[in-house]
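Asker: What follows is the file data35.tsv, containing TSV, C-alpha atoms:
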```
chain	number	residue	atom	x	y	z
A	1	MET	CA	-34.18	151.81	27.75
A	2	LEU	CA	-33.85	152.95	24.19
A	3	LEU	CA	-34.70	149.42	23.05
A	4	LEU	CA	-37.92	149.50	25.05
A	5	LEU	CA	-38.82	152.83	23.53
A	6	VAL	CA	-38.16	151.63	20.01
A	7	GLY	CA	-40.14	148.46	20.67
A	8	ILE	CA	-43.14	150.42	21.93
A	9	VAL	CA	-43.07	152.77	18.96
A	10	ILE	CA	-42.81	149.83	16.55
A	11	LEU	CA	-45.81	148.16	18.20
A	12	HIS	CA	-47.82	151.38	17.87
A	13	ILE	CA	-46.85	151.84	14.24
A	14	ALA	CA	-47.68	148.20	13.49
A	15	ALA	CA	-51.17	148.68	14.89
A	16	LEU	CA	-51.53	151.89	12.87
A	17	VAL	CA	-50.42	150.20	9.64
A	18	LEU	CA	-52.88	147.36	10.22
A	19	LEU	CA	-55.64	149.92	10.71
A	20	PHE	CA	-54.73	151.70	7.47
A	21	VAL	CA	-54.59	148.50	5.42
A	22	SER	CA	-57.83	147.24	6.87
A	23	THR	CA	-59.68	150.47	6.09
A	24	ILE	CA	-58.34	151.01	2.58
A	25	VAL	CA	-57.91	147.61	0.94
A	26	SER	CA	-60.99	146.12	-0.62
A	27	ALA	CA	-61.04	142.69	0.96
A	28	TRP	CA	-63.48	142.54	3.89
A	29	VAL	CA	-65.62	139.89	2.23
A	30	VAL	CA	-64.27	137.94	-0.72
A	31	ASN	CA	-65.59	135.44	-3.15
A	32	PRO	CA	-64.11	134.10	-6.39
A	33	ALA	CA	-66.37	136.50	-8.28
A	34	SER	CA	-66.58	139.57	-6.09
A	35	SER	CA	-64.96	141.53	-3.36
A	36	SER	CA	-66.42	144.00	-0.97
A	37	ASP	CA	-65.15	146.37	1.61
A	38	LEU	CA	-66.36	149.37	3.57
A	39	TRP	CA	-66.51	151.66	0.58
A	40	ILE	CA	-67.52	149.69	-2.46
A	41	ASN	CA	-69.20	146.45	-3.42
A	42	CYS	CA	-67.80	144.96	-6.62
A	43	ASN	CA	-69.13	142.02	-8.58
A	44	THR	CA	-67.42	140.49	-11.58
A	45	LEU	CA	-69.70	138.67	-13.99
A	46	ASN	CA	-68.31	137.33	-17.29
A	47	GLY	CA	-65.33	139.62	-17.05
A	48	VAL	CA	-67.38	142.77	-16.46
A	49	THR	CA	-66.86	144.42	-13.09
A	50	LYS	CA	-69.75	146.38	-11.67
A	51	CYS	CA	-69.30	148.39	-8.50
A	52	ASP	CA	-71.81	150.02	-6.16
A	53	THR	CA	-70.83	152.66	-3.67
A	54	ALA	CA	-71.90	152.52	-0.06
A	55	ASN	CA	-74.87	154.86	-0.15
A	56	THR	CA	-77.36	152.22	0.82
A	57	GLY	CA	-76.99	151.43	4.46
A	58	VAL	CA	-76.77	153.40	7.63
A	59	TRP	CA	-74.66	150.75	9.35
A	60	ILE	CA	-71.92	150.56	6.76
A	61	GLN	CA	-71.45	154.31	7.09
A	62	ALA	CA	-71.19	153.91	10.84
A	63	VAL	CA	-68.46	151.28	10.33
A	64	GLN	CA	-66.64	153.62	7.94
A	65	ALA	CA	-66.79	156.42	10.49
A	66	LEU	CA	-65.53	154.20	13.33
A	67	MET	CA	-62.58	152.90	11.31
A	68	ILE	CA	-61.57	156.41	10.26
A	69	LEU	CA	-61.92	157.67	13.83
A	70	SER	CA	-59.72	154.85	15.09
A	71	ILE	CA	-57.02	155.81	12.59
A	72	ILE	CA	-57.28	159.47	13.61
A	73	PHE	CA	-57.05	158.67	17.31
A	74	SER	CA	-54.11	156.33	16.79
A	75	ILE	CA	-52.21	159.00	14.86
A	76	LEU	CA	-53.04	161.57	17.55
A	77	SER	CA	-51.80	159.15	20.20
A	78	LEU	CA	-48.48	158.67	18.37
A	79	PHE	CA	-48.09	162.43	18.10
A	80	LEU	CA	-48.96	162.88	21.79
A	81	PHE	CA	-46.43	160.19	22.74
A	82	PHE	CA	-43.60	162.15	21.18
A	83	CYS	CA	-44.91	165.36	22.76
A	84	GLN	CA	-45.15	163.82	26.20
A	85	LEU	CA	-41.76	162.14	25.82
A	86	PHE	CA	-40.11	165.54	25.88
A	87	THR	CA	-42.42	167.47	28.19
A	88	LEU	CA	-43.42	164.98	30.89
A	89	LYS	CA	-41.96	165.24	34.37
A	90	LYS	CA	-39.73	162.46	35.72
A	91	GLY	CA	-41.84	159.57	36.95
A	92	GLY	CA	-44.88	160.75	35.03
A	93	ARG	CA	-47.15	158.42	33.15
A	94	PHE	CA	-48.25	158.63	29.53
A	95	PHE	CA	-51.92	158.71	30.45
A	96	LEU	CA	-53.13	160.80	27.55
A	97	THR	CA	-51.25	158.74	24.97
A	98	GLY	CA	-52.58	155.51	26.43
A	99	ALA	CA	-56.11	156.87	26.65
A	100	PHE	CA	-56.14	157.86	22.96
A	101	GLN	CA	-54.70	154.52	21.89
A	102	ILE	CA	-57.23	152.59	23.97
A	103	LEU	CA	-60.03	154.71	22.48
A	104	ALA	CA	-58.71	153.87	19.01
A	105	SER	CA	-58.79	150.16	19.82
A	106	LEU	CA	-62.34	150.47	21.16
A	107	PHE	CA	-63.45	152.17	17.94
A	108	VAL	CA	-61.95	149.34	15.87
A	109	MET	CA	-63.72	146.81	18.05
A	110	CYS	CA	-67.07	148.58	17.68
A	111	GLY	CA	-66.61	148.86	13.93
A	112	ALA	CA	-65.71	145.21	13.49
A	113	ILE	CA	-68.61	144.08	15.69
A	114	ILE	CA	-71.14	146.22	13.81
A	115	TYR	CA	-69.80	144.90	10.51
A	116	THR	CA	-70.05	141.29	11.67
A	117	VAL	CA	-73.62	141.70	12.86
A	118	MET	CA	-75.07	143.82	10.05
A	119	ASN	CA	-73.08	142.13	7.29
A	120	SER	CA	-76.03	140.45	5.65
A	121	ASN	CA	-77.63	143.76	4.64
A	122	TRP	CA	-74.59	144.69	2.60
A	123	VAL	CA	-73.27	141.50	1.00
A	124	HIS	CA	-74.51	138.02	0.25
A	125	PRO	CA	-74.24	136.01	3.47
A	126	SER	CA	-72.54	133.00	1.90
A	127	LEU	CA	-69.26	134.78	1.16
A	128	PHE	CA	-66.07	134.39	3.13
A	129	TYR	CA	-64.40	137.03	5.23
A	130	GLY	CA	-61.30	138.50	3.61
A	131	TYR	CA	-58.01	139.48	5.13
A	132	SER	CA	-58.93	143.12	5.72
A	133	TYR	CA	-61.63	141.98	8.09
A	134	ILE	CA	-59.18	139.72	9.93
A	135	LEU	CA	-56.64	142.54	10.11
A	136	ALA	CA	-59.23	144.75	11.75
A	137	TRP	CA	-59.78	142.12	14.42
A	138	VAL	CA	-56.00	141.72	14.91
A	139	ALA	CA	-55.49	145.49	15.12
A	140	PHE	CA	-57.91	145.70	18.05
A	141	PRO	CA	-55.87	143.70	20.62
A	142	LEU	CA	-52.60	145.15	19.33
A	143	ALA	CA	-53.82	148.69	19.82
A	144	PHE	CA	-55.34	147.81	23.19
A	145	ILE	CA	-52.11	146.26	24.47
A	146	SER	CA	-50.14	149.21	23.13
A	147	GLY	CA	-52.45	151.59	24.98
A	148	LEU	CA	-52.12	149.62	28.21
A	149	ILE	CA	-48.34	149.69	27.95
A	150	TYR	CA	-48.46	153.46	27.64
A	151	VAL	CA	-50.62	153.74	30.74
A	152	ILE	CA	-48.27	151.54	32.75
A	153	LEU	CA	-45.06	153.09	31.44
A	154	ARG	CA	-43.29	155.60	33.59
A	155	LYS	CA	-40.86	158.19	32.36
A	156	ARG	CA	-37.36	157.68	33.81
A	157	GLU	CA	-34.08	159.49	33.57
B	1	MET	CA	-44.58	203.83	-13.81
B	2	LEU	CA	-48.34	204.31	-13.93
B	3	SER	CA	-48.33	204.06	-17.73
B	4	VAL	CA	-46.40	200.77	-17.56
B	5	LEU	CA	-48.95	199.43	-15.09
B	6	ALA	CA	-51.85	200.53	-17.30
B	7	LEU	CA	-50.24	198.99	-20.37
B	8	THR	CA	-49.64	195.69	-18.55
B	9	SER	CA	-53.22	195.51	-17.33
B	10	VAL	CA	-54.58	196.25	-20.82
B	11	VAL	CA	-52.37	193.55	-22.35
B	12	LEU	CA	-53.40	191.04	-19.68
B	13	LEU	CA	-57.10	191.80	-20.18
B	14	GLY	CA	-56.63	191.43	-23.90
B	15	ILE	CA	-55.00	188.03	-23.45
B	16	ALA	CA	-57.60	186.98	-20.91
B	17	SER	CA	-60.52	187.76	-23.18
B	18	GLN	CA	-58.95	185.68	-25.95
B	19	CYS	CA	-58.48	182.44	-24.00
B	20	THR	CA	-61.67	182.31	-21.98
B	21	ALA	CA	-64.49	179.90	-22.30
B	22	ILE	CA	-67.81	179.73	-20.59
B	23	SER	CA	-68.04	177.15	-17.77
B	24	VAL	CA	-71.42	175.59	-17.14
B	25	TYR	CA	-72.19	174.15	-13.70
B	26	THR	CA	-74.86	171.65	-12.74
B	27	ASN	CA	-75.14	168.98	-10.06
B	28	TRP	CA	-73.51	165.63	-10.70
B	29	GLU	CA	-76.55	163.56	-9.71
B	30	LYS	CA	-79.97	164.18	-8.30
B	31	HIS	CA	-81.69	161.59	-6.13
B	32	VAL	CA	-85.44	162.14	-5.84
B	33	GLN	CA	-88.45	160.31	-4.58
B	34	VAL	CA	-91.06	159.23	-7.13
B	35	GLY	CA	-93.93	161.70	-7.31
B	36	SER	CA	-91.99	164.67	-5.99
B	37	ASP	CA	-90.72	167.77	-7.79
B	38	VAL	CA	-87.08	168.20	-8.69
B	39	ARG	CA	-85.21	171.40	-9.44
B	40	LEU	CA	-82.37	170.96	-11.91
B	41	SER	CA	-80.05	173.89	-11.41
B	42	CYS	CA	-77.71	175.23	-14.05
B	43	SER	CA	-75.46	178.24	-13.83
B	44	PHE	CA	-72.41	179.44	-15.65
B	45	PHE	CA	-69.25	181.45	-15.22
B	46	SER	CA	-68.15	183.84	-17.92
B	47	TRP	CA	-65.62	186.67	-18.03
B	48	HIS	CA	-68.05	188.84	-19.95
B	49	TRP	CA	-71.03	190.66	-18.51
B	50	THR	CA	-74.32	188.80	-18.77
B	51	SER	CA	-75.67	189.90	-22.11
B	52	ALA	CA	-79.30	190.29	-23.08
B	53	GLU	CA	-78.85	187.51	-25.66
B	54	VAL	CA	-77.91	184.87	-23.07
B	55	THR	CA	-79.36	181.44	-23.95
B	56	PHE	CA	-80.01	178.30	-21.89
B	57	SER	CA	-80.71	174.99	-23.51
B	58	TRP	CA	-81.79	171.78	-21.76
B	59	SER	CA	-81.89	168.37	-23.40
B	60	TYR	CA	-82.78	164.94	-22.05
B	61	ARG	CA	-81.47	161.48	-22.81
B	62	PRO	CA	-83.37	158.59	-21.20
B	63	ASP	CA	-81.40	155.75	-19.61
B	64	GLY	CA	-80.51	153.27	-22.32
B	65	ALA	CA	-81.36	155.57	-25.22
B	66	LYS	CA	-78.70	156.83	-27.60
B	67	GLU	CA	-80.37	160.03	-28.73
B	68	SER	CA	-81.18	163.05	-26.66
B	69	VAL	CA	-84.19	165.28	-27.17
B	70	SER	CA	-84.34	168.97	-26.61
B	71	ILE	CA	-86.84	169.88	-23.89
B	72	PHE	CA	-86.27	173.54	-23.11
B	73	HIS	CA	-84.72	176.61	-24.63
B	74	TYR	CA	-84.43	180.15	-23.29
B	75	THR	CA	-83.58	182.87	-25.77
B	76	ASN	CA	-84.34	186.52	-26.41
B	77	GLY	CA	-85.63	186.93	-22.89
B	78	ALA	CA	-88.36	184.27	-23.19
B	79	PRO	CA	-88.47	180.58	-22.16
B	80	TYR	CA	-89.68	177.99	-24.67
B	81	ILE	CA	-90.79	174.51	-23.57
B	82	ALA	CA	-90.86	171.74	-26.17
B	83	THR	CA	-94.54	171.14	-26.93
B	84	LYS	CA	-94.07	167.51	-27.93
B	85	GLY	CA	-91.39	166.56	-25.42
B	86	PRO	CA	-91.79	164.09	-22.54
B	87	PHE	CA	-92.04	166.98	-20.06
B	88	ARG	CA	-94.35	169.30	-22.00
B	89	ASP	CA	-96.78	169.97	-19.17
B	90	ARG	CA	-94.49	169.20	-16.23
B	91	LEU	CA	-91.63	171.55	-16.91
B	92	GLU	CA	-91.33	175.04	-15.53
B	93	PHE	CA	-88.59	177.60	-15.88
B	94	VAL	CA	-87.56	178.79	-12.41
B	95	GLY	CA	-84.27	180.42	-13.26
B	96	ASN	CA	-83.14	184.04	-13.38
B	97	PRO	CA	-81.02	184.67	-16.47
B	98	ASN	CA	-79.84	188.04	-15.18
B	99	ARG	CA	-78.29	186.19	-12.26
B	100	ARG	CA	-76.84	183.54	-14.58
B	101	ASP	CA	-79.32	180.92	-13.32
B	102	GLY	CA	-81.01	178.70	-15.88
B	103	SER	CA	-82.71	176.18	-13.60
B	104	ILE	CA	-85.79	174.23	-14.50
B	105	MET	CA	-88.32	172.46	-12.31
B	106	ILE	CA	-89.83	169.11	-13.24
B	107	ARG	CA	-93.00	168.23	-11.38
B	108	ASN	CA	-94.29	164.81	-10.41
B	109	VAL	CA	-91.31	162.71	-11.48
B	110	ASP	CA	-91.82	159.13	-12.49
B	111	TYR	CA	-89.52	156.13	-13.00
B	112	ASN	CA	-89.56	156.84	-16.74
B	113	ASP	CA	-87.76	160.11	-16.08
B	114	ASN	CA	-84.53	158.36	-15.14
B	115	GLY	CA	-81.83	159.67	-17.42
B	116	THR	CA	-79.26	162.35	-18.15
B	117	PHE	CA	-80.15	166.02	-18.49
B	118	THR	CA	-77.74	168.31	-20.29
B	119	CYS	CA	-77.59	172.06	-19.80
B	120	ASP	CA	-75.86	174.26	-22.34
B	121	ALA	CA	-75.50	177.95	-21.64
B	122	LYS	CA	-74.17	180.61	-24.00
B	123	ASN	CA	-73.36	184.20	-23.16
B	124	PRO	CA	-72.58	186.07	-26.39
B	125	PRO	CA	-69.80	186.84	-27.30
B	126	ASP	CA	-68.62	184.05	-25.00
B	127	ILE	CA	-70.02	181.01	-26.74
B	128	MET	CA	-67.21	178.51	-26.45
B	129	GLY	CA	-67.77	175.99	-23.70
B	130	HIS	CA	-68.84	172.48	-22.79
B	131	PRO	CA	-72.37	171.62	-21.70
B	132	SER	CA	-72.79	169.99	-18.31
B	133	ASN	CA	-74.72	166.82	-17.44
B	134	VAL	CA	-76.83	165.96	-14.42
B	135	ARG	CA	-78.14	162.45	-13.85
B	136	LEU	CA	-81.61	162.04	-12.44
B	137	LEU	CA	-82.24	158.96	-10.29
B	138	VAL	CA	-85.77	158.28	-9.13
B	139	PHE	CA	-86.29	156.11	-6.06
B	140	GLU	CA	-89.25	154.82	-4.18
B	141	LYS	CA	-87.47	155.83	-1.01
B	142	VAL	CA	-84.42	158.05	-1.25
B	143	PRO	CA	-81.46	156.23	0.33
B	144	VAL	CA	-79.10	157.98	2.68
B	145	GLN	CA	-76.42	159.76	0.69
B	146	ALA	CA	-73.00	158.20	0.76
B	147	GLY	CA	-70.87	159.71	3.45
B	148	VAL	CA	-73.46	161.83	5.21
B	149	ILE	CA	-73.69	159.66	8.32
B	150	THR	CA	-69.97	158.89	8.19
B	151	GLY	CA	-69.13	162.57	8.18
B	152	ALA	CA	-71.68	163.28	10.90
B	153	ILE	CA	-70.27	160.65	13.27
B	154	ILE	CA	-66.67	161.72	12.69
B	155	GLY	CA	-67.60	165.37	13.10
B	156	VAL	CA	-69.48	164.79	16.33
B	157	VAL	CA	-66.71	162.74	17.93
B	158	LEU	CA	-63.95	165.15	16.94
B	159	GLY	CA	-66.11	168.06	18.04
B	160	LEU	CA	-66.60	166.43	21.44
B	161	LEU	CA	-62.85	165.90	21.69
B	162	ILE	CA	-62.13	169.55	20.95
B	163	LEU	CA	-64.85	170.59	23.39
B	164	VAL	CA	-63.36	168.45	26.18
B	165	VAL	CA	-59.90	169.88	25.52
B	166	ALA	CA	-61.26	173.43	25.48
B	167	ILE	CA	-63.18	172.91	28.74
B	168	TYR	CA	-60.09	171.40	30.35
B	169	TYR	CA	-57.95	174.40	29.47
B	170	LEU	CA	-60.71	176.80	30.45
B	171	MET	CA	-61.04	175.16	33.88
B	172	ARG	CA	-57.29	175.37	34.35
B	173	PHE	CA	-57.33	179.03	33.41
B	174	LEU	CA	-60.27	179.79	35.71
B	175	VAL	CA	-58.75	177.93	38.65
B	176	ALA	CA	-55.48	179.80	38.15
B	177	ARG	CA	-57.32	183.13	38.18
B	178	ARG	CA	-59.32	182.25	41.29
B	179	VAL	CA	-56.17	181.23	43.12
B	180	PHE	CA	-54.59	184.53	42.11
B	181	SER	CA	-57.48	186.66	43.38
B	182	LEU	CA	-57.86	184.59	46.58
B	183	SER	CA	-54.22	185.13	47.56
B	184	MET	CA	-54.60	188.87	46.84
B	185	SER	CA	-57.63	189.24	49.14
B	186	ARG	CA	-55.62	187.78	52.04
B	187	HIS	CA	-53.26	190.76	51.92
B	188	GLY	CA	-56.15	193.05	52.88
B	189	LYS	CA	-56.21	196.65	51.72
B	190	LYS	CA	-52.69	196.78	50.29
B	191	GLY	CA	-52.73	198.48	46.89
B	192	LYS	CA	-56.44	199.03	46.44
B	193	GLY	CA	-56.74	199.81	42.75
B	194	LYS	CA	-55.95	196.60	40.87
B	195	GLU	CA	-56.74	194.09	43.62
B	196	GLY	CA	-59.98	195.83	44.49
B	197	SER	CA	-61.16	195.35	40.95
B	198	GLN	CA	-59.99	191.72	41.09
B	199	GLN	CA	-62.06	191.12	44.22
B	200	ARG	CA	-65.10	192.73	42.69
B	201	GLN	CA	-64.70	190.44	39.67
B	202	ALA	CA	-64.28	187.37	41.87
B	203	GLY	CA	-67.34	188.29	43.96
B	204	PRO	CA	-70.22	188.09	41.43
B	205	SER	CA	-68.60	185.17	39.63
B	206	LYS	CA	-69.21	183.00	42.72
```
What would you get if you wrote out this structure as structure tokens?

Answerer:
Amino acid sequence: MLLLLVGIVILHIAALVLLFVSTIVSAWVVNPASSSDLWINCNTLNGVTKCDTANTGVWIQAVQALMILSIIFSILSLFLFFCQLFTLKKGGRFFLTGAFQILASLFVMCGAIIYTVMNSNWVHPSLFYGYSYILAWVAFPLAFISGLIYVILRKRE
Amino acid sequence: MLSVLALTSVVLLGIASQCTAISVYTNWEKHVQVGSDVRLSCSFFSWHWTSAEVTFSWSYRPDGAKESVSIFHYTNGAPYIATKGPFRDRLEFVGNPNRRDGSIMIRNVDYNDNGTFTCDAKNPPDIMGHPSNVRLLVFEKVPVQAGVITGAIIGVVLGLLILVVAIYYLMRFLVARRVFSLSMSRHGKKGKGKEGSQQRQAGPSK
């Protein structure tokens, strides 16, 4: 029982860590000479790095907002899980926790989709996707599965 | 006791007036559309009262230039605009020195006006301080400021969340109250005072 609990919490924290790394690290689109992420667009020419901030573009700000919201909802869901662990009746389900976690995964999905579609307005289209972008896509199913487990889980003992 | 307090406050004020400096505040950047007017605001904080000899001084350094030119000076209660400067007929003083405001207005900005404006304010005897810079960026179409839409989306979603939670708890509270008053009305006229008022409250709310 305890093992299951620890496993679920580890899964949740793994999804949360992936979300954090994906939002913060500057590697959504990479190239030998430049890197770009949600917040800044850096180009290195002849050893000189020049960075632009994300004030041009409505869509990139929407992606920023969705990623931050997904982190907030995932943290809220972790907090609610520990609350409900001690206050739920026997046989009750962690609906609220699961709902928040599933919402977080939906926000990540929306953010990643918008970024994929509107990418060309922000960076040169011939660049390759970096690992932060891939982590965002991996965080989505992890968070979704974690949320589903919470919805199915019943409190015993 | 009172004398000790008075002495301490005098000493503190004495120390404070020695290590103060004037702090000048301007914006960090100003994004404007070409052809529009821009107000460059400048104000300061000083521990001394605003004296009659307060001075404001604006200078301008174009993008790429190394030297800055003086474009405006306010002293002795009168504003002076540089007659040979790049803004000689486009600059207007819109500040209120008594309210520590030394703002200027530049009309009909052009792409040549891109650059850094420096405001230096002095409030005698408080003359030690650093001037403050504001960068002017002229665009054909002003882009959306960084973070405005991000903040708006996050604010709206979190606001909706708080609203849903508040409505949920409100409904629970209201249902609990209605149940309470319903069960009271079944007992008929027992104990008129409190329950009567409860029934009267439940009546119009339906």

Asker: Determine which residues of chain A sit within 10 Å of chain B, taking into account only C-alpha atoms, and present them as a list in words.

Answerer: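 Residues satisfying the distance criterion: Trp39, Thr53, Ala54, Asn55, Thr56, Gly57, Val58, Trp59, Ile60, Gln61, Ala62, Val63, Gln64, Ala65, Leu66, Met67, Ile68, Leu69, Ile72 and Phe73 of chain A.
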
Asker: Could you check the closest approach to Tyr115 in chain A for each of A:Val21, A:Leu96, A:Ile145, A:Leu38 and tell me which residue wins, using only C-alpha atoms?

Answerer: A:Leu38

Asker: Find the residues around range 68-71 of chain B up to 7 Å (only C-alpha atoms counted), leave out those fewer than 6 positions away in its own chain, and share them as a VMD selection string.

Answerer: chain B and resid 58 to 61 81 to 82 85

Asker: Record the distance separating CA of Val48 in chain A and CA of Tyr131 in chain A, expressed in Å with one decimal.

Answerer: 23.8 Å

Asker: Would you list the residues near (-75.2, 164.7, -18.3) (no more than 9 Å away, in the coordinates of the file, using all atoms listed in the file) as a PyMOL selection string?

Answerer: chain B and resi 26+28-29+60-61+115-119+131-135

Asker: I'd like the contact shell of Asp89 in chain B - 12 Å cut-off, only C-alpha atoms, skipping same-chain residues fewer than 5 positions apart - returned as a list in words.

Answerer: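 Listed by chain and then number, they are Ile71, Phe72, Ile81, Ala82, Thr83, Lys84, Met105, Ile106, Arg107, Asn108 and Val109 of chain B.
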
Asker: What does the distance from CA of Pro125 in chain B to CA of Trp47 in chain B come to in Å, to one decimal?

Answerer: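 It comes out at 10.2 Å.
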
Asker: Got a sec to check which residues sit within 7 Å of (-76.9, 176.4, -11.7), counting only C-alpha atoms, and write them as a PyMOL selection string?

Answerer: chain B and resi 25-26+41-44+101-103

Asker: Could you list, as an mmCIF file with C-alpha atoms, keeping the file's coordinate frame, every residue within 8 Å of range 25-37 of chain A, counting all atoms listed in the file and ignoring same-chain residues fewer than 3 positions away?

Answerer:
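Wrote it out as around09.cif, contents follow:
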```cif
data_model
loop_
_atom_site.group_PDB
_atom_site.id
_atom_site.type_symbol
_atom_site.label_atom_id
_atom_site.label_comp_id
_atom_site.auth_asym_id
_atom_site.auth_seq_id
_atom_site.Cartn_x
_atom_site.Cartn_y
_atom_site.Cartn_z
ATOM 1 C CA VAL A 21 -54.590 148.500 5.420
ATOM 2 C CA SER A 22 -57.830 147.240 6.870
ATOM 3 C CA ILE A 40 -67.520 149.690 -2.460
ATOM 4 C CA ASN A 41 -69.200 146.450 -3.420
ATOM 5 C CA CYS A 42 -67.800 144.960 -6.620
ATOM 6 C CA ASN A 43 -69.130 142.020 -8.580
ATOM 7 C CA THR A 44 -67.420 140.490 -11.580
ATOM 8 C CA LEU A 45 -69.700 138.670 -13.990
ATOM 9 C CA VAL A 123 -73.270 141.500 1.000
ATOM 10 C CA LEU A 127 -69.260 134.780 1.160
ATOM 11 C CA PHE A 128 -66.070 134.390 3.130
ATOM 12 C CA TYR A 129 -64.400 137.030 5.230
ATOM 13 C CA GLY A 130 -61.300 138.500 3.610
ATOM 14 C CA TYR A 131 -58.010 139.480 5.130
ATOM 15 C CA SER A 132 -58.930 143.120 5.720
ATOM 16 C CA TYR A 133 -61.630 141.980 8.090
ATOM 17 C CA ILE A 134 -59.180 139.720 9.930
#
```

Asker: For Ser77 in chain A, which of A:Thr23, A:Val9, A:Ala139, A:Met118 is the closest residue, counting all atoms listed in the file?

Answerer: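 When distances to Ser77 in chain A are compared using all atoms listed in the file, the smallest one comes from A:Val9.
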
Asker: Go through B:Leu91, B:Ala65, B:Val54, B:Leu163 and flag the residue nearest Ile104 in chain B, using only C-alpha atoms for the distances.

Answerer: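 The answer is B:Leu91, which sits nearest to Ile104 in chain B.
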
Asker: Would you kindly return, as number ranges by chain, each protein, DNA or RNA residue with an atom no farther than 9 Å from any atom of Ala14 in chain A, considering all atoms listed in the file and excluding same-chain residues fewer than 4 positions away?

Answerer: A: 9-10, 18-19, 139, 142-143

Asker: In Å, with one decimal, what is the gap from CA of Gly129 in chain B to CA of Ile22 in chain B?

Answerer: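 Going from CA of Gly129 in chain B over to CA of Ile22 in chain B, I get 4.9 Å.
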
Asker: So which one's closest to Ser51 in chain B, B:Gly35, B:Pro86, B:Gly77, B:Gly95? Using all atoms listed in the file, please.

Answerer: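 Ranked by minimum distance to Ser51 in chain B, first place goes to B:Gly77.
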
Asker: Choose the residue, out of B:Asn98, B:Asn27, B:Ser9, B:Thr75, that has the smallest atom-to-atom separation from Leu40 in chain B; count only C-alpha atoms.

Answerer: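 Result for the nearest residue to Leu40 in chain B: B:Asn27.
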
Asker: Name the residues in contact with Ala52 in chain B at a cut-off of 12 Å, using all atoms listed in the file, excluding same-chain residues fewer than 3 positions from it; report them as a VMD selection string.

Answerer: chain B and resid 48 to 49 55 74 to 78 97 to 100 122 to 125

Asker: Can you write range 13-27 of chain A from the block above with N, CA and C atoms, as a PDB file, in the first residue's frame?

Answerer:
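Saved file selection18.pdb follows:
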```pdb
ATOM      1  N   ILE A  13       5.633  13.763  -9.147  1.00  0.00           N
ATOM      2  CA  ILE A  13       6.776  14.673  -9.052  1.00  0.00           C
ATOM      3  C   ILE A  13       7.608  14.629 -10.325  1.00  0.00           C
ATOM      4  N   ALA A  14       7.690  13.441 -10.947  1.00  0.00           N
ATOM      5  CA  ALA A  14       8.435  13.352 -12.211  1.00  0.00           C
ATOM      6  C   ALA A  14       7.792  14.227 -13.270  1.00  0.00           C
ATOM      7  N   ALA A  15       6.457  14.155 -13.375  1.00  0.00           N
ATOM      8  CA  ALA A  15       5.770  15.001 -14.344  1.00  0.00           C
ATOM      9  C   ALA A  15       6.003  16.474 -14.032  1.00  0.00           C
ATOM     10  N   LEU A  16       5.976  16.826 -12.741  1.00  0.00           N
ATOM     11  CA  LEU A  16       6.177  18.222 -12.341  1.00  0.00           C
ATOM     12  C   LEU A  16       7.581  18.699 -12.701  1.00  0.00           C
ATOM     13  N   VAL A  17       8.582  17.846 -12.458  1.00  0.00           N
ATOM     14  CA  VAL A  17       9.962  18.221 -12.769  1.00  0.00           C
ATOM     15  C   VAL A  17      10.129  18.420 -14.272  1.00  0.00           C
ATOM     16  N   LEU A  18       9.520  17.520 -15.060  1.00  0.00           N
ATOM     17  CA  LEU A  18       9.592  17.675 -16.513  1.00  0.00           C
ATOM     18  C   LEU A  18       8.982  19.002 -16.950  1.00  0.00           C
ATOM     19  N   LEU A  19       7.848  19.358 -16.315  1.00  0.00           N
ATOM     20  CA  LEU A  19       7.210  20.619 -16.660  1.00  0.00           C
ATOM     21  C   LEU A  19       8.125  21.801 -16.347  1.00  0.00           C
ATOM     22  N   PHE A  20       8.762  21.756 -15.172  1.00  0.00           N
ATOM     23  CA  PHE A  20       9.651  22.848 -14.784  1.00  0.00           C
ATOM     24  C   PHE A  20      10.805  22.991 -15.771  1.00  0.00           C
ATOM     25  N   VAL A  21      11.462  21.844 -16.066  1.00  0.00           N
ATOM     26  CA  VAL A  21      12.626  21.891 -16.950  1.00  0.00           C
ATOM     27  C   VAL A  21      12.220  22.407 -18.321  1.00  0.00           C
ATOM     28  N   SER A  22      11.079  21.920 -18.797  1.00  0.00           N
ATOM     29  CA  SER A  22      10.645  22.311 -20.127  1.00  0.00           C
ATOM     30  C   SER A  22      10.355  23.800 -20.203  1.00  0.00           C
ATOM     31  N   THR A  23       9.789  24.364 -19.125  1.00  0.00           N
ATOM     32  CA  THR A  23       9.440  25.783 -19.165  1.00  0.00           C
ATOM     33  C   THR A  23      10.658  26.676 -19.029  1.00  0.00           C
ATOM     34  N   ILE A  24      11.639  26.241 -18.217  1.00  0.00           N
ATOM     35  CA  ILE A  24      12.728  27.145 -17.855  1.00  0.00           C
ATOM     36  C   ILE A  24      13.917  27.054 -18.807  1.00  0.00           C
ATOM     37  N   VAL A  25      14.278  25.835 -19.208  1.00  0.00           N
ATOM     38  CA  VAL A  25      15.531  25.684 -19.962  1.00  0.00           C
ATOM     39  C   VAL A  25      15.354  26.178 -21.392  1.00  0.00           C
ATOM     40  N   SER A  26      16.368  26.827 -21.892  1.00  0.00           N
ATOM     41  CA  SER A  26      16.260  27.452 -23.208  1.00  0.00           C
ATOM     42  C   SER A  26      16.630  26.479 -24.310  1.00  0.00           C
ATOM     43  N   ALA A  27      15.804  25.519 -24.596  1.00  0.00           N
ATOM     44  CA  ALA A  27      16.148  24.567 -25.650  1.00  0.00           C
ATOM     45  C   ALA A  27      14.929  24.020 -26.370  1.00  0.00           C
TER      46      ALA A  27
END
```
